[in-house]
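> Take a look at this one; I'll ask things after.
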Protein chains: 2
Amino acid sequence: MAKNITPRAKDYSQWYVDIVREAKLADYSPVKGCMVIRPNGYAMWESIQRQLDKMFKDTGHVNAYFPMLIPQSFMEKEAEHVEGFAMECAVVTHSGLEPDESGKKLKPKGKLEENYVLRPTSETVIWAMYKNWIQSYRDLPLLINQWANVYRWEMRTRLFLRTAEFLWQEGHTAHATAEEAVEETIRMLGVYRDFAENYMAMPVIPGLKSEGQKFPGAVNTYCIEAMMQDKKALQAGTSHFLGQNFAKAFDVQFQTDQNSLDYVWATSWGVSTRLIGAIIMTHSDDDGVVIPPRLAQWPVLLVPIARKEEERASVMAAIDRLTKELKDKGIGFRVDDRANVTPGFKFAEAELFGYPIRIELGPRDLAEGNCIATLRHSREKLTLPLAGTAQEVAGLLDRVQQELFDRAKAHQDANTHQVNSYSDFKEFIAADSGFALVHWAGDTADEKRVQEETKATLRVIPMHGEPEDGECMLTGKPSKQRVVFAKAY
Amino acid sequence: MAKNITPRAKDYSQWYVDIVREAKLADYSPVKGCMVIRPNGYAMWESIQRQLDKMFKDTGHVNAYFPMLIPQSFMEKEAEHVEGFAMECAVVTHSGLEPDESGKKLKPKGKLEENYVLRPTSETVIWAMYKNWIQSYRDLPLLINQWANVYRWEMRTRLFLRTAEFLWQEGHTAHATAEEAVEETIRMLGVYRDFAENYMAMPVIPGLKSEGQKFPGAVNTYCIEAMMQDKKALQAGTSHFLGQNFAKAFDVQFQTDQNSLDYVWATSWGVSTRLIGAIIMTHSDDDGVVIPPRLAQWPVLLVPIARKEEERASVMAAIDRLTKELKDKGIGFRVDDRANVTPGFKFAEAELFGYPIRIELGPRDLAEGNCIATLRHSREKLTLPLAGTAQEVAGLLDRVQQELFDRAKAHQDANTHQVNSYSDFKEFIAADSGFALVHWAGDTADEKRVQEETKATLRVIPMHGEPEDGECMLTGKPSKQRVVFAKAY
């Protein structure tokens, strides 16, 4: 188990791959660039889905499902969009297979009149439908979300973080005014921030992307940006104000309440299975995964310890009382009562899989009226009285959740620095020193130059940044606020 | 609304399409053969998923996710499987798009070395992974389910019932012995039956498919078969015992507890978004959708009625008390307090969308201490006292659920008949008289002949059929039990 995991200090990148595979979160597949999400990893996705779906519904959204195939001609309609995605589109050209000449293998048959692509994102097919569904301001706003798989051909893949196929949710909303659409864009960014910080225990910086980094087809793109343990940035969610670009591309006009015609205003926003990678790289350690309690499938693992058969009955009776208490409190748990596995093996596996709290209970503990709780993230051991244990556990889970956030926030703060000259910046980035807060007034070509020279990119223009007069580190032009540059996943 | 719905008596098939589109359950899409599942329809799928997922987990299964692209060569490995699915496979041949000669349109670029197909079902890619995950009997059983989209090119489509892309779940389990795998196959058929009867309120006949109707690659296929209002059969779920076919095709062997090597035994089982069509065609009427309470997104619709502004405050206060009571009881509801819409319009829409219970509350009701409940499925109106309303509603919802089942069961019983000769059978089927219980000992060729001559197929060999000696209606050969023949969707 842990002995198969490369230590972070030795090779962070290899540590990440090792942990994903050893903890059975995901596996490579025989399909180039695609992964298999194994049950341990999928359970994390289910926790993410459950909470986000609730937050989307609480903000008035409903779910729907649109086709995964998009007619090739749809990709031609929005100029920036096609430029952004054409190179990554998997293309369906045939509608069946038939035996080849040898009779032993297959070949495609039924060439299609029009090709389809696998959705890289669904703006085009959704706006083609919105054209039928939106006639008047009374049909607005339309607040629809989709949970789906998408496909973007990738050359350099990385489990969870960058794969050809991934799972995500994509919200697509339609509004009568620009103001409403912008409000929605920012509202959903707020939902993502709330989720990242209060459920993933991952501090993020909300803000705007630069022109060069925005979504193809958006007027502007908001994002939340997080710092991983190796000080690299990870884009954890994006929310786009699309203006009237897709309404114009798909001719979606509506009758306003003033009886005139106008194009509909749009947003889209999404997060994906990459969040699983973000959780791993924010909290985990050399012994395995660390999962924040609010997203753990089973926040508590109970390990009964009974070497002799005669001890077993009383220990299991105590475990039963404890699980009933946990159930009453709505705390998820699992009991590891496998007979032919040693406690040591169970403990190592519990650390690898990342149960936030492990509770051991043996005959001696029982005699003393206690059980032993171990917190996964800090290794802290606590002796808990067997009366009112569930209440204690509930408090501990809250504490763990908070400590994980605090630890990640301290790491982010400690590795975010103001940098004032381009030469200092190059040194800072070369030394992997984290987030550089710099003054910036360059254009997209300037950003490309910085990226080529340092591998760092403009991650985010913070929404809550301090106003401060300065000069762009590259061009010397005046700047009103610092932005974040960093190397990124 | 209802005036746009063709009556069932006039044209059942058109009624179905009208109701799906008027109730905004689904819509045709610009992608040939594919539908869009609209929010009202998707909410039904979410209810189905929530309950089934719980039942799968309660029987020890976990979820995972496998790639939607399957290497073409995988389809060549299991002979029956390829024969069953090759003709329906959408084929991906290129990895990107580029501008064509005109510079205005796109054309595929990056021809792939090996083609991929969109999964028509996932046995092949899953068993390719199981080869890596299963070494010993200690790795078994492996009980994995996947919620996913699948693709089978279809010429003649029908919203929810038959579309090229559809959503489903597919369970894929691996076992050490044939007995265990058969037990699992039958267990999951039982889960499907439980779900169909107790949640969808749809009586089903569980049993075996004939050789000619089984899943391509299965040793045998179990199914649940339901009768729609037009007396046609609908296959609502299947559970397959796959023997060692896929283990052999993908070379998945394991070390047994006797230290020998054996191929792994397999099952697979699935239900799809077609269940939404089954709910509609089992319960709905000429005015709209009827949804069984246990699968309704909102079992209760509350309609406050206040013509004058001064009535509004007291009516809304009573509605608030009522919703609080419903919430405490865990009963889902929605309040339709739109200001510029007449009660008549709201009632018609409530019937169209299928809220199981509609509750009206106006100033006069309030003065009398009552509210008026209308049951969607029977139009029964009840006056309920405003004290303890939620308790009454909970009881009513149970009653509605039961009455829907009873009504559907009575319909199935009334239209299931023993038929003893082939000439009677032809007459029975031509008159659309429902399920024919006939003696049968024919082979696949005989089944084909019956289908060509009558359009009826062998739907199911009932598991709980009465043993009865008889003679095959077509061949005269001896038979031990009656089977069900019918026209089907």
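As shown in the structure tokens, the chain order sets the letters A, B, ...; within each chain, residues go from 1, and ligands are also counted from 1 in the order they appear.
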With 6 Å as the limit and counting only C-alpha atoms, what residues in chain A lie close to chain B? Please list them as a list in words.
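Every residue meeting the condition is included here: Val36, Ile37, Arg38, Pro39, Tyr42, Asn63, Ala64, Tyr65, Phe66, Ala86, Met87, Glu88, Cys89, Ala90, Val91, Val92, His94, Ser95, Gly96 and Leu97 of chain A.
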> Write a file of the selected residues as a CSV table (one decimal), in the first residue's frame, keeping N, CA and C atoms.

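Listing of again18.csv after writing:
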```
chain,number,residue,atom,x,y,z
A,36,VAL,N,-10.7,5.0,-16.4
A,36,VAL,CA,-11.8,4.4,-15.8
A,36,VAL,C,-11.9,5.0,-14.4
A,37,ILE,N,-13.1,5.5,-14.0
A,37,ILE,CA,-13.2,5.9,-12.6
A,37,ILE,C,-13.7,4.7,-11.8
A,38,ARG,N,-12.8,4.3,-10.9
A,38,ARG,CA,-13.2,3.1,-10.1
A,38,ARG,C,-14.1,3.5,-8.9
A,39,PRO,N,-14.7,2.5,-8.3
A,39,PRO,CA,-15.7,2.8,-7.3
A,39,PRO,C,-15.3,3.8,-6.2
A,42,TYR,N,-15.4,7.1,-7.9
A,42,TYR,CA,-16.8,7.5,-8.3
A,42,TYR,C,-17.6,7.9,-7.1
A,63,ASN,N,-32.6,20.2,-14.1
A,63,ASN,CA,-31.8,19.4,-15.0
A,63,ASN,C,-32.5,18.9,-16.2
A,64,ALA,N,-31.7,18.7,-17.3
A,64,ALA,CA,-32.2,18.1,-18.6
A,64,ALA,C,-31.1,17.4,-19.2
A,65,TYR,N,-31.4,16.7,-20.4
A,65,TYR,CA,-30.4,16.0,-21.1
A,65,TYR,C,-30.5,16.2,-22.6
A,66,PHE,N,-29.3,16.6,-23.2
A,66,PHE,CA,-29.2,16.9,-24.6
A,66,PHE,C,-28.3,15.9,-25.3
A,86,ALA,N,-12.3,22.9,-32.4
A,86,ALA,CA,-12.3,22.0,-33.6
A,86,ALA,C,-11.2,21.0,-33.6
A,87,MET,N,-10.0,21.4,-33.1
A,87,MET,CA,-8.9,20.4,-33.1
A,87,MET,C,-9.1,19.2,-32.1
A,88,GLU,N,-10.0,19.4,-31.2
A,88,GLU,CA,-10.2,18.3,-30.2
A,88,GLU,C,-11.4,17.5,-30.4
A,89,CYS,N,-12.1,17.6,-31.5
A,89,CYS,CA,-13.4,17.0,-31.7
A,89,CYS,C,-13.2,15.5,-32.2
A,90,ALA,N,-13.8,14.6,-31.5
A,90,ALA,CA,-13.8,13.2,-32.0
A,90,ALA,C,-15.0,13.2,-33.0
A,91,VAL,N,-14.7,12.6,-34.2
A,91,VAL,CA,-15.7,12.7,-35.3
A,91,VAL,C,-16.3,11.4,-35.7
A,92,VAL,N,-17.6,11.3,-35.7
A,92,VAL,CA,-18.4,10.1,-36.0
A,92,VAL,C,-18.7,10.2,-37.5
A,94,HIS,N,-19.5,7.1,-39.5
A,94,HIS,CA,-20.3,6.0,-40.0
A,94,HIS,C,-21.3,5.5,-39.0
A,95,SER,N,-22.3,4.8,-39.5
A,95,SER,CA,-23.4,4.3,-38.6
A,95,SER,C,-23.4,2.8,-38.3
A,96,GLY,N,-22.4,2.1,-38.7
A,96,GLY,CA,-22.4,0.7,-38.4
A,96,GLY,C,-21.0,0.1,-38.7
A,97,LEU,N,-20.9,-1.2,-38.4
A,97,LEU,CA,-19.7,-2.0,-38.7
A,97,LEU,C,-20.2,-3.2,-39.5
```
> What residues in stretch 340-414 of chain A get the DSSP label alpha helix (DSSP H)? Please answer as number ranges by chain.
A: 343-353, 363-368, 389-414
> Could you state the separation of atom CA of B:Phe428 and atom CA of B:Thr454 in Å, given to one decimal place?
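These two atoms are separated by 9.7 Å.
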> Please provide as a ChimeraX atom specification all residues within 12 Å of B:Pro203, with the sequence filter that same-chain residues fewer than 5 positions apart are discarded (counting only C-alpha atoms).
/B:192-198,224-228,233-234,236,278-279,282-283,402,404-413
> Write the selection just made, keeping C-alpha atoms, as a tab-separated table (two decimals), in the first residue's frame?

```tsv
chain	number	residue	atom	x	y	z
B	192	TYR	CA	-36.47	-4.63	-11.07
B	193	ARG	CA	-39.79	-6.28	-10.35
B	194	ASP	CA	-39.96	-4.68	-6.90
B	195	PHE	CA	-39.19	-1.29	-8.45
B	196	ALA	CA	-41.70	-1.68	-11.31
B	197	GLU	CA	-44.55	-2.83	-9.09
B	198	ASN	CA	-43.98	-0.83	-5.91
B	224	ILE	CA	-39.83	-8.22	-16.72
B	225	GLU	CA	-42.60	-7.65	-19.22
B	226	ALA	CA	-45.44	-5.13	-18.76
B	227	MET	CA	-48.72	-4.45	-20.58
B	228	MET	CA	-49.38	-0.94	-21.83
B	233	ALA	CA	-46.14	-5.52	-24.31
B	234	LEU	CA	-43.15	-3.48	-23.19
B	236	ALA	CA	-39.11	-3.02	-18.93
B	278	ALA	CA	-43.65	2.85	-19.62
B	279	ILE	CA	-44.99	5.09	-16.83
B	282	THR	CA	-49.39	2.60	-18.06
B	283	HIS	CA	-51.13	5.43	-16.22
B	402	GLN	CA	-52.13	1.46	-4.64
B	404	LEU	CA	-52.77	3.00	-9.81
B	405	PHE	CA	-51.25	-0.44	-9.38
B	406	ASP	CA	-54.64	-2.09	-8.95
B	407	ARG	CA	-56.04	-0.39	-12.04
B	408	ALA	CA	-53.06	-1.45	-14.15
B	409	LYS	CA	-53.21	-4.98	-12.75
B	410	ALA	CA	-56.91	-5.28	-13.52
B	411	HIS	CA	-56.20	-4.10	-17.07
B	412	GLN	CA	-53.44	-6.66	-17.48
B	413	ASP	CA	-55.56	-9.49	-16.05
```
> Here is a test: counting only C-alpha atoms, which residue of A:Ala441, A:Cys371, A:Val484, A:Ile461 is nearest to A:Val419?
A:Val484
> Quick one: residues within 8 Å of stretch 294-299 of chain B, only C-alpha atoms counted, chain neighbours fewer than 5 positions away excluded, as a ChimeraX atom specification?
/B:43-44,47-48,199-200,331-334,355-357,397,401
> Write the residues you've just listed into a file as a JSON list (two decimals), in the first residue's frame, and include N, CA and C atoms for each of them.

```json
[["chain", "number", "residue", "atom", "x", "y", "z"],
["B", 43, "ALA", "N", -36.80, 15.02, -14.56],
["B", 43, "ALA", "CA", -37.15, 14.88, -13.13],
["B", 43, "ALA", "C", -37.66, 13.47, -12.85],
["B", 44, "MET", "N", -38.39, 12.87, -13.82],
["B", 44, "MET", "CA", -38.84, 11.49, -13.62],
["B", 44, "MET", "C", -37.64, 10.54, -13.61],
["B", 47, "SER", "N", -35.97, 10.67, -10.26],
["B", 47, "SER", "CA", -36.68, 9.89, -9.24],
["B", 47, "SER", "C", -36.38, 8.39, -9.41],
["B", 48, "ILE", "N", -36.38, 7.96, -10.66],
["B", 48, "ILE", "CA", -36.09, 6.55, -10.95],
["B", 48, "ILE", "C", -34.67, 6.21, -10.49],
["B", 199, "TYR", "N", -42.95, 1.01, -7.12],
["B", 199, "TYR", "CA", -42.65, 2.43, -7.34],
["B", 199, "TYR", "C", -43.33, 2.94, -8.61],
["B", 200, "MET", "N", -43.20, 2.19, -9.72],
["B", 200, "MET", "CA", -43.86, 2.61, -10.95],
["B", 200, "MET", "C", -45.35, 2.23, -10.94],
["B", 331, "ILE", "N", -43.03, 15.25, 2.71],
["B", 331, "ILE", "CA", -43.83, 15.15, 1.47],
["B", 331, "ILE", "C", -43.45, 16.31, 0.54],
["B", 332, "GLY", "N", -43.04, 15.98, -0.67],
["B", 332, "GLY", "CA", -42.63, 17.01, -1.63],
["B", 332, "GLY", "C", -43.82, 17.79, -2.17],
["B", 333, "PHE", "N", -43.64, 19.09, -2.39],
["B", 333, "PHE", "CA", -44.76, 19.90, -2.89],
["B", 333, "PHE", "C", -44.21, 21.09, -3.67],
["B", 334, "ARG", "N", -45.11, 21.72, -4.39],
["B", 334, "ARG", "CA", -44.80, 22.95, -5.09],
["B", 334, "ARG", "C", -46.00, 23.87, -4.91],
["B", 355, "TYR", "N", -49.29, 16.24, -11.40],
["B", 355, "TYR", "CA", -49.15, 16.23, -9.94],
["B", 355, "TYR", "C", -50.18, 15.26, -9.37],
["B", 356, "PRO", "N", -49.77, 14.28, -8.57],
["B", 356, "PRO", "CA", -50.73, 13.28, -8.07],
["B", 356, "PRO", "C", -51.89, 13.88, -7.27],
["B", 357, "ILE", "N", -51.61, 14.88, -6.43],
["B", 357, "ILE", "CA", -52.68, 15.54, -5.67],
["B", 357, "ILE", "C", -52.56, 17.05, -5.84],
["B", 397, "LEU", "N", -51.75, 9.75, -0.63],
["B", 397, "LEU", "CA", -50.69, 9.40, -1.58],
["B", 397, "LEU", "C", -50.49, 7.89, -1.63],
["B", 401, "GLN", "N", -51.13, 5.55, -4.94],
["B", 401, "GLN", "CA", -50.11, 4.60, -5.42],
["B", 401, "GLN", "C", -50.74, 3.21, -5.60]]
```
> Do you know which residues are at most 8 Å from A:Glu447 counting only C-alpha atoms, after dropping those on the same chain fewer than 6 positions away, and could you put them as a ChimeraX atom specification?
/A:212,457-458
> Keeping only N, CA and C atoms, write the selected residues to a file as a PDB file, in the first residue's frame.

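As written to disk, result15.pdb reads:
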```
ATOM      1  N   GLY A 212      -7.034  36.248 -23.198  1.00  0.00           N
ATOM      2  CA  GLY A 212      -6.344  35.103 -23.790  1.00  0.00           C
ATOM      3  C   GLY A 212      -6.757  33.772 -23.180  1.00  0.00           C
ATOM      4  N   THR A 457       1.216  31.248 -16.361  1.00  0.00           N
ATOM      5  CA  THR A 457       0.123  31.922 -17.077  1.00  0.00           C
ATOM      6  C   THR A 457      -0.648  32.821 -16.125  1.00  0.00           C
ATOM      7  N   LEU A 458      -1.379  33.741 -16.709  1.00  0.00           N
ATOM      8  CA  LEU A 458      -2.227  34.599 -15.897  1.00  0.00           C
ATOM      9  C   LEU A 458      -3.407  33.757 -15.441  1.00  0.00           C
TER      10      LEU A 458
END
```
> Hey, what does DSSP flag as strand (DSSP E or B) within stretch 209-437 of chain B? Can you give it to me as a PyMOL selection string?
chain B and resi 220-227+233-243+253-255+261-263+265-272+285+288+300-304+333-335+357-361+370-375+381-385+416-418+435-437
> Could you check which of B:Gly237, B:Gly388, B:Gly354, B:Pro304 is closest to B:Pro292, using only C-alpha atoms?
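Smallest distance to B:Pro292 is found for B:Gly354.
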> List as a ChimeraX atom specification the protein and nucleic acid residues near B:Ala23, meaning an atom at most 6 Å away when only C-alpha atoms are counted, but skip any in the same chain fewer than 2 places from it.
/B:19-21,25,352-353
> Hey, what's within 12 Å of A:Lys3 if we count only C-alpha atoms and toss same-chain stuff fewer than 3 positions away? As a ChimeraX atom specification, please?
/A:6-7,15,18-19,22,286-288,348-349,352
> Measure the distance from atom CA of A:Glu311 to atom CA of A:Gly344 in Å and round it to one decimal.
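Computed distance, atom CA of A:Glu311 to atom CA of A:Gly344, equals 18.6 Å.
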> Between B:Leu322, B:Cys223, B:Ile276, B:Thr374, which one has atoms that come closest to B:Leu386, using only C-alpha atoms?
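Ranked by minimum distance to B:Leu386, first place goes to B:Leu322.
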> What does the structure give for the distance between atom CA of B:Ala178 and atom CA of B:His464, in Å to one decimal?
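Result for atom CA of B:Ala178 versus atom CA of B:His464: 22.2 Å, one decimal.
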> Determine the nearest neighbour of B:His417 from the options B:Asp365, B:Gly470, B:Phe485, B:Ser122, counting only C-alpha atoms.
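Checking each of B:Asp365, B:Gly470, B:Phe485, B:Ser122 against B:His417, counting only C-alpha atoms, the winner is B:Phe485.
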> Hey, which of A:Lys54, A:Lys308, A:Lys131, A:Lys455 ends up closest to A:Gln253? Count only C-alpha atoms.
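Once distances to A:Gln253 are computed over only C-alpha atoms, the minimum belongs to A:Lys131.
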